[in-house]
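Trainee: For reference, this is final.txt, and it has compact mmCIF, C-alpha atoms.
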```txt
# COMPACT_ATOMS: atom_id res chain seq x y z
CA MET A 1 -1.23 14.53 -25.29
CA SER A 2 0.99 17.49 -24.96
CA GLY A 3 0.14 20.08 -22.42
CA LYS A 4 0.61 22.72 -25.04
CA PRO A 5 -2.68 23.89 -26.39
CA HIS A 6 -3.67 25.39 -29.65
CA ARG A 7 -1.93 23.29 -32.18
CA GLY A 8 -4.55 24.05 -34.71
CA LEU A 9 -7.50 22.10 -35.87
CA GLN A 10 -5.88 19.16 -37.58
CA GLY A 11 -7.31 15.75 -37.15
CA ARG A 12 -5.22 12.87 -35.98
CA GLY A 13 -4.50 11.48 -39.38
CA ARG A 14 -6.65 8.40 -39.11
CA ALA A 15 -9.59 8.04 -41.37
CA PRO A 16 -12.76 7.74 -39.37
CA ARG A 17 -14.76 4.61 -39.81
CA ARG A 18 -18.33 3.76 -39.26
CA SER A 19 -17.53 1.18 -36.72
CA ARG A 20 -21.15 0.53 -35.94
CA SER A 21 -21.82 -1.06 -39.25
CA ARG A 22 -18.64 -3.01 -39.74
CA ARG A 23 -18.33 -5.02 -36.63
CA SER A 24 -18.18 -8.74 -36.99
CA PRO A 25 -21.06 -10.62 -35.50
CA PRO A 26 -20.23 -11.46 -31.95
CA THR A 27 -20.71 -14.81 -30.49
CA HIS A 28 -23.58 -15.43 -28.20
CA ARG A 29 -23.09 -14.23 -24.69
CA ALA A 30 -25.13 -15.63 -21.93
CA SER A 31 -25.38 -12.50 -19.90
CA GLY A 32 -25.92 -8.99 -21.05
CA GLY A 33 -25.77 -7.48 -24.48
CA LEU A 34 -27.22 -10.52 -26.15
CA LYS A 35 -26.75 -10.39 -29.85
CA TYR A 36 -28.74 -13.31 -31.10
CA ASP A 37 -32.20 -14.60 -30.70
CA LEU A 38 -31.59 -17.79 -28.86
CA ALA A 39 -34.43 -19.56 -30.59
CA SER A 40 -33.45 -18.85 -34.18
CA GLY A 41 -29.77 -18.13 -33.81
CA ARG A 42 -30.34 -15.01 -35.83
CA PRO A 43 -29.42 -11.62 -34.66
CA PHE A 44 -31.84 -9.26 -33.10
CA THR A 45 -30.36 -6.37 -34.94
CA ARG A 46 -31.74 -2.90 -34.87
CA ASP A 47 -31.12 -0.19 -37.40
CA PRO A 48 -28.35 2.06 -36.15
CA ILE A 49 -29.49 4.85 -38.41
CA GLY A 50 -32.82 4.73 -36.79
CA ILE A 51 -31.17 4.80 -33.42
CA ASP A 52 -29.08 7.82 -34.27
CA HIS A 53 -32.14 9.69 -35.34
CA ALA A 54 -34.21 8.69 -32.40
CA PHE A 55 -32.25 10.39 -29.65
CA ASP A 56 -33.58 13.64 -28.34
CA ASP A 57 -31.70 16.31 -26.46
CA GLU A 58 -32.20 14.48 -23.23
CA GLU A 59 -30.45 11.41 -24.56
CA ARG A 60 -33.77 9.70 -24.48
CA PHE A 61 -35.34 7.71 -27.12
CA ASN A 62 -38.85 7.43 -28.40
CA ALA A 63 -39.47 3.84 -29.26
CA THR A 64 -42.94 4.38 -30.57
CA ASP A 65 -41.72 6.51 -33.46
CA LEU A 66 -39.13 4.13 -34.67
CA ASN A 67 -38.92 0.91 -36.55
CA LEU A 68 -35.59 -0.54 -35.65
CA TYR A 69 -36.09 -3.69 -37.63
CA ALA A 70 -36.66 -1.97 -40.96
CA TYR A 71 -33.38 -3.17 -42.46
CA ALA A 72 -34.64 -6.70 -42.57
CA GLY A 73 -38.06 -6.22 -43.94
CA ASN A 74 -39.44 -5.66 -40.51
CA ASN A 75 -38.89 -9.23 -39.62
CA PRO A 76 -35.61 -10.03 -37.96
CA GLN A 77 -36.86 -13.48 -37.10
CA SER A 78 -37.26 -14.60 -40.68
CA MET A 79 -34.86 -12.34 -42.52
CA VAL A 80 -31.26 -11.35 -42.08
CA ASP A 81 -29.23 -8.56 -43.57
CA PRO A 82 -27.91 -10.17 -46.75
CA SER A 83 -25.07 -7.71 -47.20
CA GLY A 84 -23.50 -8.64 -43.94
CA ASN A 85 -22.69 -5.02 -43.46
CA ASN A 86 -25.23 -4.56 -40.79
CA PRO A 87 -25.25 -7.70 -38.78
CA ILE A 88 -25.26 -6.06 -35.42
CA ALA A 89 -25.99 -2.55 -34.36
CA ILE A 90 -23.53 -1.61 -31.72
CA GLY A 91 -25.42 -0.13 -28.91
CA GLY A 92 -28.47 -1.14 -30.77
CA PHE A 93 -30.24 -2.92 -28.03
CA PHE A 94 -32.38 -0.97 -25.77
CA LEU A 95 -33.77 -1.72 -22.46
CA GLY A 96 -35.22 0.85 -20.31
CA GLY A 97 -35.64 1.86 -16.85
CA GLY A 98 -38.14 4.31 -16.04
CA GLU A 99 -40.09 6.05 -13.56
CA PHE A 100 -42.51 3.23 -13.27
CA PHE A 101 -39.61 1.17 -12.08
CA PRO A 102 -37.30 2.87 -9.79
CA PRO A 103 -35.84 5.08 -12.45
CA ALA A 104 -32.93 3.55 -13.99
CA LEU A 105 -31.98 0.73 -15.91
CA ILE A 106 -31.24 -2.67 -16.75
CA GLY A 107 -28.75 -4.67 -18.39
CA GLY A 108 -28.94 -7.67 -20.37
CA LEU A 109 -31.32 -7.68 -23.19
CA ALA A 110 -30.32 -11.27 -23.36
CA ALA A 111 -32.51 -11.77 -20.47
CA ALA A 112 -35.41 -10.18 -22.16
CA ALA A 113 -34.88 -12.38 -25.17
CA ILE A 114 -34.75 -15.45 -23.04
CA VAL A 115 -37.75 -14.54 -21.03
CA TYR A 116 -39.90 -12.85 -23.59
CA GLY A 117 -38.80 -14.11 -26.97
CA GLU A 118 -38.92 -11.76 -29.90
CA GLN A 119 -42.50 -10.75 -29.51
CA GLY A 120 -41.89 -10.37 -25.85
CA ILE A 121 -39.08 -7.92 -26.46
CA ASP A 122 -41.22 -5.85 -28.74
CA ALA A 123 -43.96 -5.97 -26.17
CA TYR A 124 -41.47 -5.09 -23.50
CA PHE A 125 -40.25 -2.03 -25.39
CA ALA A 126 -43.75 -0.99 -26.23
CA ASN A 127 -44.67 -1.29 -22.61
CA LEU A 128 -41.73 0.83 -21.57
CA ALA A 129 -42.44 3.42 -24.20
CA GLN A 130 -46.06 3.58 -23.25
CA GLN A 131 -45.39 3.93 -19.58
CA GLN A 132 -42.54 6.38 -19.58
CA GLY A 133 -42.31 7.69 -23.11
CA THR A 134 -38.64 6.93 -23.34
CA ILE A 135 -36.17 4.16 -22.96
CA THR A 136 -32.48 4.08 -22.28
CA PRO A 137 -29.73 2.82 -24.56
CA VAL A 138 -27.59 -0.11 -23.65
CA ARG A 139 -24.09 -0.77 -24.90
CA PRO A 140 -22.43 -4.15 -24.55
CA TYR A 141 -19.51 -4.52 -22.18
CA PRO A 142 -16.38 -3.87 -24.26
CA SER A 143 -13.95 -6.70 -24.59
CA GLY A 144 -10.25 -6.26 -23.92
CA ASP A 145 -8.23 -4.75 -21.13
CA GLY A 146 -8.73 -1.12 -22.07
CA THR A 147 -5.42 -0.75 -23.86
CA THR A 148 -6.93 -1.45 -27.26
CA PRO A 149 -9.88 0.29 -28.92
CA PRO A 150 -13.26 -1.13 -28.02
CA GLU A 151 -14.11 -0.99 -31.72
CA GLU A 152 -12.23 -0.19 -34.87
CA GLY A 153 -11.66 3.50 -35.46
CA TRP A 154 -11.92 4.69 -31.88
CA GLU A 155 -9.11 7.01 -30.76
CA TRP A 156 -7.47 7.27 -27.38
CA HIS A 157 -7.45 10.78 -25.95
CA GLY A 158 -5.88 11.80 -22.69
CA PRO A 159 -2.52 12.31 -21.04
CA ASP A 160 -2.17 8.71 -19.88
CA PRO A 161 -1.25 5.87 -22.24
CA PRO A 162 -4.16 3.78 -23.58
CA GLY A 163 -5.98 2.05 -20.76
CA GLY A 164 -4.82 4.60 -18.19
CA ASP A 165 -6.86 6.43 -15.62
CA ARG A 166 -6.68 9.79 -17.36
CA GLY A 167 -8.04 9.16 -20.78
CA GLY A 168 -10.63 7.38 -22.80
CA TRP A 169 -11.53 5.94 -26.18
CA VAL A 170 -13.50 8.33 -28.39
CA ASN A 171 -15.54 7.51 -31.44
CA PRO A 172 -14.70 10.43 -33.75
CA GLU A 173 -17.84 9.82 -35.76
CA THR A 174 -20.25 10.23 -32.90
CA GLY A 175 -18.42 11.93 -30.05
CA GLU A 176 -19.26 9.16 -27.62
CA SER A 177 -16.49 7.92 -25.35
CA LEU A 178 -15.61 4.91 -23.27
CA HIS A 179 -13.33 5.09 -20.25
CA PRO A 180 -11.94 1.81 -18.92
CA ASP A 181 -12.12 1.74 -15.14
CA LEU A 182 -11.12 -1.86 -14.79
CA GLY A 183 -9.30 -1.50 -11.50
CA HIS A 184 -12.16 0.22 -9.72
CA PRO A 185 -12.55 -1.04 -6.15
CA GLU A 186 -15.71 -2.54 -4.77
CA PRO A 187 -18.56 -1.98 -4.37
CA GLU A 188 -18.74 -0.79 -8.00
CA GLY A 189 -15.86 -2.99 -9.07
CA PRO A 190 -14.38 -3.00 -12.58
CA HIS A 191 -16.49 -1.30 -15.21
CA TRP A 192 -16.43 0.95 -18.24
CA ASP A 193 -17.81 4.49 -18.19
CA TRP A 194 -19.73 5.35 -21.32
CA ASN A 195 -20.37 9.01 -22.15
CA THR A 196 -22.69 9.99 -24.97
CA PRO A 197 -22.22 13.22 -26.96
CA ASN A 198 -24.97 15.10 -25.18
CA GLY A 199 -23.94 14.25 -21.67
CA GLY A 200 -25.54 10.87 -21.08
CA ARG A 201 -23.43 8.85 -18.68
CA TYR A 202 -23.61 5.14 -18.03
CA ARG A 203 -21.67 2.54 -16.11
CA ILE A 204 -21.26 -0.71 -18.05
CA ASN A 205 -20.67 -3.65 -15.78
CA PRO A 206 -19.06 -6.98 -16.64
CA ASP A 207 -22.40 -8.73 -16.14
CA GLY A 208 -23.80 -6.68 -19.01
CA SER A 209 -25.88 -4.39 -16.86
CA VAL A 210 -25.77 -0.75 -17.85
CA VAL A 211 -26.59 1.78 -15.19
CA PRO A 212 -27.30 5.39 -16.10
CA LYS A 213 -25.71 7.91 -13.78
CA ASN A 214 -27.95 10.82 -14.51
CA LYS A 215 -31.50 9.74 -14.23
CA LYS A 216 -33.46 11.63 -11.68
CA CYS A 217 -34.46 9.56 -8.71
CA LYS A 218 -37.96 10.27 -7.51
CA MET B 1 -30.39 20.67 -3.13
CA ASN B 2 -28.27 18.81 -0.61
CA THR B 3 -24.84 20.28 -0.06
CA VAL B 4 -21.95 19.67 2.29
CA GLU B 5 -19.06 22.05 2.84
CA LEU B 6 -15.85 20.08 2.55
CA ASP B 7 -12.60 20.45 4.42
CA ALA B 8 -9.14 20.80 2.87
CA ARG B 9 -9.52 17.45 1.14
CA GLY B 10 -12.08 19.09 -1.13
CA LEU B 11 -9.63 21.84 -2.05
CA ASP B 12 -6.94 19.25 -2.71
CA TYR B 13 -9.21 17.30 -5.02
CA VAL B 14 -10.26 20.38 -6.99
CA GLY B 15 -6.62 21.43 -7.34
CA SER B 16 -5.52 17.99 -8.48
CA GLU B 17 -8.26 17.85 -11.11
CA LEU B 18 -7.42 21.29 -12.46
CA LYS B 19 -3.80 20.26 -12.90
CA VAL B 20 -4.69 17.57 -15.42
CA THR B 21 -7.26 19.45 -17.47
CA ASN B 22 -6.40 20.07 -21.09
CA TYR B 23 -5.75 23.77 -20.79
CA LEU B 24 -8.33 26.04 -19.16
CA GLY B 25 -8.16 24.40 -15.76
CA ARG B 26 -4.46 24.95 -15.53
CA LEU B 27 -4.93 28.60 -16.45
CA VAL B 28 -7.58 28.86 -13.75
CA LEU B 29 -5.26 27.23 -11.23
CA SER B 30 -2.72 29.96 -11.92
CA ALA B 31 -5.28 32.75 -11.78
CA VAL B 32 -7.33 31.77 -8.75
CA GLU B 33 -6.26 31.34 -5.16
CA LEU B 34 -8.18 28.23 -4.23
CA ALA B 35 -7.55 28.62 -0.53
CA LYS B 36 -9.59 31.81 -0.52
CA GLY B 37 -12.73 29.94 -1.49
CA LYS B 38 -14.60 26.94 -0.24
CA VAL B 39 -15.55 23.64 -1.80
CA ILE B 40 -19.07 22.29 -1.65
CA SER B 41 -20.14 18.75 -2.41
CA VAL B 42 -23.51 18.46 -4.08
CA ILE B 43 -25.19 15.21 -3.13
CA PRO B 44 -28.49 13.74 -4.16
CA GLU B 45 -29.58 12.80 -0.67
CA PRO B 46 -28.99 14.34 2.74
CA HIS B 47 -26.75 11.54 3.91
CA ALA B 48 -24.06 9.98 1.76
CA PRO B 49 -21.83 7.26 3.13
CA ASP B 50 -18.45 8.70 2.20
CA ILE B 51 -18.40 12.09 0.58
CA TYR B 52 -14.60 12.21 0.66
CA ASN B 53 -14.29 9.19 -1.56
CA PHE B 54 -14.38 11.43 -4.61
CA LYS B 55 -13.48 8.77 -7.14
CA SER B 56 -16.21 6.29 -6.35
CA GLY B 57 -19.86 6.33 -7.15
CA VAL B 58 -21.08 6.31 -3.60
CA PHE B 59 -24.65 7.15 -4.41
CA LEU B 60 -25.44 3.99 -6.26
CA ASN B 61 -24.93 1.88 -3.23
CA LEU B 62 -27.18 3.36 -0.65
CA GLY B 63 -29.11 0.19 -0.12
CA ARG B 64 -31.90 0.87 -2.55
CA GLU B 65 -33.80 -2.05 -3.76
CA ARG B 66 -32.48 -3.65 -6.89
CA THR B 67 -35.02 -5.38 -9.00
CA ALA B 68 -33.33 -8.41 -10.47
CA ILE B 69 -34.07 -9.63 -13.94
CA PRO B 70 -32.19 -12.44 -15.65
CA GLY B 71 -28.85 -11.05 -16.83
CA GLY B 72 -29.10 -7.75 -15.07
CA TYR B 73 -30.98 -5.53 -12.72
CA ILE B 74 -32.85 -2.31 -12.39
CA GLU B 75 -31.59 0.12 -9.83
CA ALA B 76 -32.66 3.53 -8.71
CA VAL B 77 -30.01 6.04 -9.66
CA PRO B 78 -29.96 9.45 -8.07
CA SER B 79 -28.77 12.54 -9.85
CA THR B 80 -27.80 16.06 -8.89
CA GLU B 81 -27.81 17.27 -12.47
CA ASP B 82 -31.15 19.04 -12.41
CA ASP B 83 -30.39 20.80 -9.13
CA VAL B 84 -26.97 21.94 -10.30
CA ALA B 85 -28.38 23.13 -13.63
CA SER B 86 -31.02 25.20 -11.87
CA TRP B 87 -28.41 26.69 -9.59
CA VAL B 88 -26.05 27.56 -12.46
CA HIS B 89 -28.93 29.15 -14.37
CA GLU B 90 -29.75 31.25 -11.33
CA VAL B 91 -26.14 32.36 -10.88
CA LEU B 92 -25.79 33.26 -14.55
CA ASN B 93 -28.84 35.46 -14.30
CA SER B 94 -27.85 37.11 -11.05
CA GLY B 95 -25.24 39.29 -12.69
CA PRO B 96 -24.33 40.74 -16.06
CA ARG B 97 -22.09 39.07 -18.63
CA ARG B 98 -21.68 35.80 -16.81
CA ALA B 99 -20.79 32.61 -18.60
CA PHE B 100 -20.60 28.92 -17.79
CA VAL B 101 -17.75 27.38 -19.78
CA CYS B 102 -17.06 23.67 -19.84
CA GLU B 103 -13.84 22.23 -21.27
CA SER B 104 -14.26 18.70 -22.58
CA PHE B 105 -11.51 16.35 -21.47
CA LEU B 106 -11.87 13.75 -24.19
CA LEU B 107 -13.40 15.45 -27.22
CA ARG B 108 -11.17 17.08 -29.80
CA ALA B 109 -11.89 19.83 -32.29
CA SER B 110 -11.47 17.46 -35.20
CA ILE B 111 -14.76 15.72 -34.41
CA LEU B 112 -16.93 18.81 -34.30
CA ALA B 113 -17.96 18.63 -37.92
CA ARG B 114 -19.14 15.04 -37.52
CA ALA B 115 -20.45 14.41 -34.04
CA LYS B 116 -24.13 14.90 -33.57
CA SER B 117 -26.01 15.74 -30.44
CA LEU B 118 -23.41 18.01 -28.88
CA PRO B 119 -24.81 21.02 -27.03
CA ARG B 120 -25.83 23.86 -29.30
CA ARG B 121 -23.04 26.13 -28.12
CA THR B 122 -20.01 23.98 -28.70
CA VAL B 123 -16.85 25.53 -30.09
CA ALA B 124 -13.20 24.69 -30.62
CA GLY B 125 -10.29 26.27 -28.83
CA GLY B 126 -7.18 25.04 -30.57
CA ASP B 127 -7.42 21.23 -30.45
CA PHE B 128 -9.87 21.24 -27.61
CA VAL B 129 -13.64 21.51 -27.29
CA TYR B 130 -15.66 23.92 -25.17
CA HIS B 131 -19.36 24.09 -24.37
CA TRP B 132 -20.83 27.27 -22.99
CA SER B 133 -23.93 29.13 -21.92
CA ALA B 134 -24.38 32.64 -20.62
CA THR B 135 -26.56 35.16 -18.86
CA GLY B 136 -29.99 35.23 -20.46
CA ASP B 137 -29.93 31.68 -21.76
CA ALA B 138 -32.93 29.44 -21.34
CA PRO B 139 -32.76 26.88 -18.52
CA GLU B 140 -32.61 23.98 -20.95
CA ASP B 141 -29.63 25.50 -22.75
CA VAL B 142 -27.81 25.89 -19.45
CA ALA B 143 -28.71 22.35 -18.43
CA ALA B 144 -27.32 20.97 -21.68
CA VAL B 145 -23.93 22.44 -20.83
CA VAL B 146 -24.02 21.58 -17.14
CA ARG B 147 -24.38 17.89 -17.91
CA MET B 148 -21.14 18.06 -19.91
CA ALA B 149 -19.29 18.93 -16.70
CA TYR B 150 -19.93 15.52 -15.15
CA PRO B 151 -18.35 12.84 -17.37
CA VAL B 152 -15.64 10.44 -16.27
CA PRO B 153 -12.66 10.57 -16.34
CA LEU B 154 -12.71 14.31 -15.81
CA GLY B 155 -15.51 16.85 -15.75
CA PHE B 156 -14.61 20.50 -15.49
CA ALA B 157 -16.31 23.86 -15.95
CA VAL B 158 -16.20 27.39 -14.60
CA ILE B 159 -18.57 30.26 -14.03
CA CYS B 160 -16.97 33.57 -14.88
CA SER B 161 -18.04 37.23 -14.80
CA LEU B 162 -16.67 38.65 -18.00
CA PRO B 163 -15.72 42.23 -18.83
CA MET B 164 -17.50 41.86 -22.18
CA GLU B 165 -20.53 40.00 -23.52
CA ALA B 166 -19.82 36.29 -23.50
CA ALA B 167 -20.66 35.91 -27.18
CA GLU B 168 -17.85 38.30 -28.11
CA ILE B 169 -15.23 35.79 -27.06
CA LEU B 170 -17.10 32.51 -27.15
CA GLU B 171 -19.25 32.52 -30.24
CA ASP B 172 -16.55 31.46 -32.65
CA ASN B 173 -13.49 29.38 -31.95
CA ILE B 174 -11.98 30.41 -28.65
CA SER B 175 -8.55 32.00 -28.69
CA GLU B 176 -5.87 31.64 -26.05
CA THR B 177 -6.50 35.24 -25.11
CA SER B 178 -10.16 34.53 -24.53
CA LEU B 179 -9.34 31.54 -22.36
CA SER B 180 -7.00 33.73 -20.32
CA ILE B 181 -9.80 36.24 -19.84
CA ILE B 182 -12.14 33.48 -18.70
CA ALA B 183 -9.56 32.16 -16.25
CA ALA B 184 -8.84 35.59 -14.83
CA HIS B 185 -12.52 36.22 -14.18
CA THR B 186 -13.42 32.84 -12.74
CA ASP B 187 -15.72 32.96 -9.73
CA CYS B 188 -16.67 29.32 -9.49
CA ILE B 189 -15.17 25.98 -10.49
CA VAL B 190 -17.16 22.81 -11.06
CA VAL B 191 -15.38 19.46 -11.19
CA GLY B 192 -16.84 16.02 -11.70
CA ALA B 193 -16.76 13.61 -8.77
CA TYR B 194 -18.10 10.31 -7.52
CA ASP B 195 -17.46 8.46 -10.76
CA GLY B 196 -19.62 10.84 -12.75
CA GLU B 197 -22.55 10.87 -10.37
CA SER B 198 -22.13 14.41 -9.07
CA VAL B 199 -19.80 17.39 -8.80
CA LEU B 200 -17.80 19.46 -6.35
CA VAL B 201 -18.18 23.22 -6.58
CA TRP B 202 -15.51 25.69 -5.53
CA GLY B 203 -16.84 29.20 -5.03
CA ARG B 204 -14.89 32.38 -4.54
CA ASP B 205 -17.57 33.59 -2.17
CA GLU B 206 -21.01 32.59 -1.02
CA GLU B 207 -22.75 33.92 -4.11
CA PHE B 208 -20.90 31.33 -6.15
CA ARG B 209 -21.43 28.37 -3.88
CA PRO B 210 -24.60 26.29 -3.93
CA GLN B 211 -26.62 26.50 -0.76
CA PRO B 212 -28.83 23.84 0.77
CA SER B 213 -32.45 24.18 -0.18
```
Let me see the file written as structure tokens.
Mentor:
Amino acid sequence: MSGKPHRGLQGRGRAPRRSRSRRSPPTHRASGGLKYDLASGRPFTRDPIGIDHAFDDEERFNATDLNLYAYAGNNPQSMVDPSGNNPIAIGGFFLGGGEFFPPALIGGLAAAAIVYGEQGIDAYFANLAQQQGTITPVRPYPSGDGTTPPEEGWEWHGPDPPGGDRGGWVNPETGESLHPDLGHPEPEGPHWDWNTPNGGRYRINPDGSVVPKNKKCK
Amino acid sequence: MNTVELDARGLDYVGSELKVTNYLGRLVLSAVELAKGKVISVIPEPHAPDIYNFKSGVFLNLGRERTAIPGGYIEAVPSTEDDVASWVHEVLNSGPRRAFVCESFLLRASILARAKSLPRRTVAGGDFVYHWSATGDAPEDVAAVVRMAYPVPLGFAVICSLPMEAAEILEDNISETSLSIIAAHTDCIVVGAYDGESVLVWGRDEEFRPQPS
């Protein structure tokens, strides 16, 4: 990026894409960001449209008002998205931390799937929603070394070359960004920093855990 | 609010962050004599292990209990965001025509028509994106902008005392002239620190520096 400002309001010449709905189904991962119900082999996919509409100004999410399984006839266990256009909702898994736990969060919905099964996950979310009113979004750990976009259509912004310290990948459709911090020393160690458009900030760890940085500790 | 006055390392960090901002920070660096102010670290707890390690998230590793679940964990995460937002709101309302202006490091003007959930007062300035609030704004509107000053890899905002109403220069797309006015009237600089967990605040004088409470 040039240091010279005010070059006008042109875009960057790349057509934006709805990367959320066009991602290929990932393979099963044992830890964090689980994409498939281990029992059925079918994806636990949640409706990204529903997710978009469920955020409030606090980057919180009201699970009780939302049916994230609507795309598949409300039954992701027995139905799949026949179009294949919506196999996985990126960022579409939600686990929450809340004030009934030490406030904060969790990674690895995989775990919840393993432990609770599908009904258990629903029950888990319902429990979270009931107890704290909100839950926190989880994004899977991006693959790659930071020099390539985490998903199709994301643009690198910043003075450093892609993957560098001063810059990050931005989804032009949503305004969210991902900054690769893969050389971060311990104790945090390598991670990605995920910023949502309204100021939500999360650390995504290689083990799939996603830790919010701005939840009030009480 | 827990605050610690930093030594010259704090000034160095603020200066180094301003140098790599998109535009406004570099204007501010030219307009403000950093050495005439002081830098305060805002921390979520009275004792932090290494407040001079500005690039690491020191507050997540204070020995709190982690509750393990298969595949992940739950961890208490502190935040200074609410305290800083309250303080900024108070400063904005302690004088006339004050504004809090945040320059986004990663967002670009081309996304404004598409991205949802950005703070209500978000405008373009050339290619870049600015969020702002001003004297008289509701606390929640101020807080929405304050949280935009934290993100990694670079959070940056200023409080300025303007010679005109903030809306006159900030309501529509911001011009270079307006950004120069903001820089010239900067009283306080906020930069992200600790891997997005908190901020450092440079204040021209005590009125523009957070105090312990």
Trainee: Please report the interatomic distance between CA of His191 in chain A and CA of Ala193 in chain B in Å with one decimal.
Mentor: 16.2 Å
Trainee: What does the distance between CA of Ile40 in chain B and CA of Asp187 in chain B come to in Å, to one decimal place?
Mentor: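 Straight-line distance from CA of Ile40 in chain B to CA of Asp187 in chain B works out to 13.8 Å.
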Trainee: Within 7 Å of Ala109 in chain B, counting only C-alpha atoms, which residues show up once you throw out same-chain ones fewer than 6 positions away? Write them as a list of chain:residue names, please.
Mentor: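 Here the answer would be A:Leu9, B:Ala124, B:Asp127, B:Phe128, B:Val129.
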Trainee: Can you list, as a PyMOL selection string, every protein, DNA or RNA residue that comes within 8 Å of range 5-9 of chain B when you count only C-alpha atoms, leaving out same-chain residues fewer than 5 positions away?
Mentor: chain B and resi 38-41+52
Trainee: Got a sec: who's within 12 Å of Gly158 in chain A, counting all atoms listed in the file, leaving out chain neighbours fewer than 6 positions off, as a ChimeraX atom specification?
Mentor: /A:1-3,164-170,177-179 /B:20-22,104-108,128,152-154
Trainee: Have a look at A:Pro190, A:Ile204, A:His157, A:Pro180 and name the one nearest to chain B; count all atoms listed in the file.
Mentor: A:His157
Trainee: Report, in Å to a single decimal, how far apart CA of Gly192 in chain B and CA of Ser161 in chain B are.
Mentor: 21.5 Å
Trainee: Report as number ranges by chain all protein, DNA and RNA residues lying within 9 Å of Ala138 in chain B, evaluated on all atoms listed in the file, omitting residues in the same chain fewer than 4 positions from it.
Mentor: B: 89, 142-143
Trainee: Name the residues in contact with Ser86 in chain B at a cut-off of 10 Å, using only C-alpha atoms, excluding same-chain residues fewer than 6 positions from it; report them as a list in words.
Mentor: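 Here the answer would be Met1, Leu92, Pro139, Glu140, Val142, Ala143 and Val146 of chain B.
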Trainee: Next, the residues of the selection above should be written as a PDB file, in the frame of the given file with C-alpha atoms.
Mentor:
```
ATOM      1  CA  MET B   1     -30.390  20.670  -3.130  1.00  0.00           C
ATOM      2  CA  LEU B  92     -25.790  33.260 -14.550  1.00  0.00           C
ATOM      3  CA  PRO B 139     -32.760  26.880 -18.520  1.00  0.00           C
ATOM      4  CA  GLU B 140     -32.610  23.980 -20.950  1.00  0.00           C
ATOM      5  CA  VAL B 142     -27.810  25.890 -19.450  1.00  0.00           C
ATOM      6  CA  ALA B 143     -28.710  22.350 -18.430  1.00  0.00           C
ATOM      7  CA  VAL B 146     -24.020  21.580 -17.140  1.00  0.00           C
TER       8      VAL B 146
END
```
Trainee: Tell me which of B:Asp195, B:Asp172, B:Asp12, B:Asp205 sits closest to chain A, counting all atoms listed in the file.
Mentor: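 Smallest distance to chain A is found for B:Asp195.
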Trainee: Taking (0.6, 27.3, -12.8) in the file's own coordinates, collect the residues within 12 Å, counting all atoms listed in the file, and hand them back as number ranges by chain.
Mentor: B: 15-16, 18-20, 23-33, 183
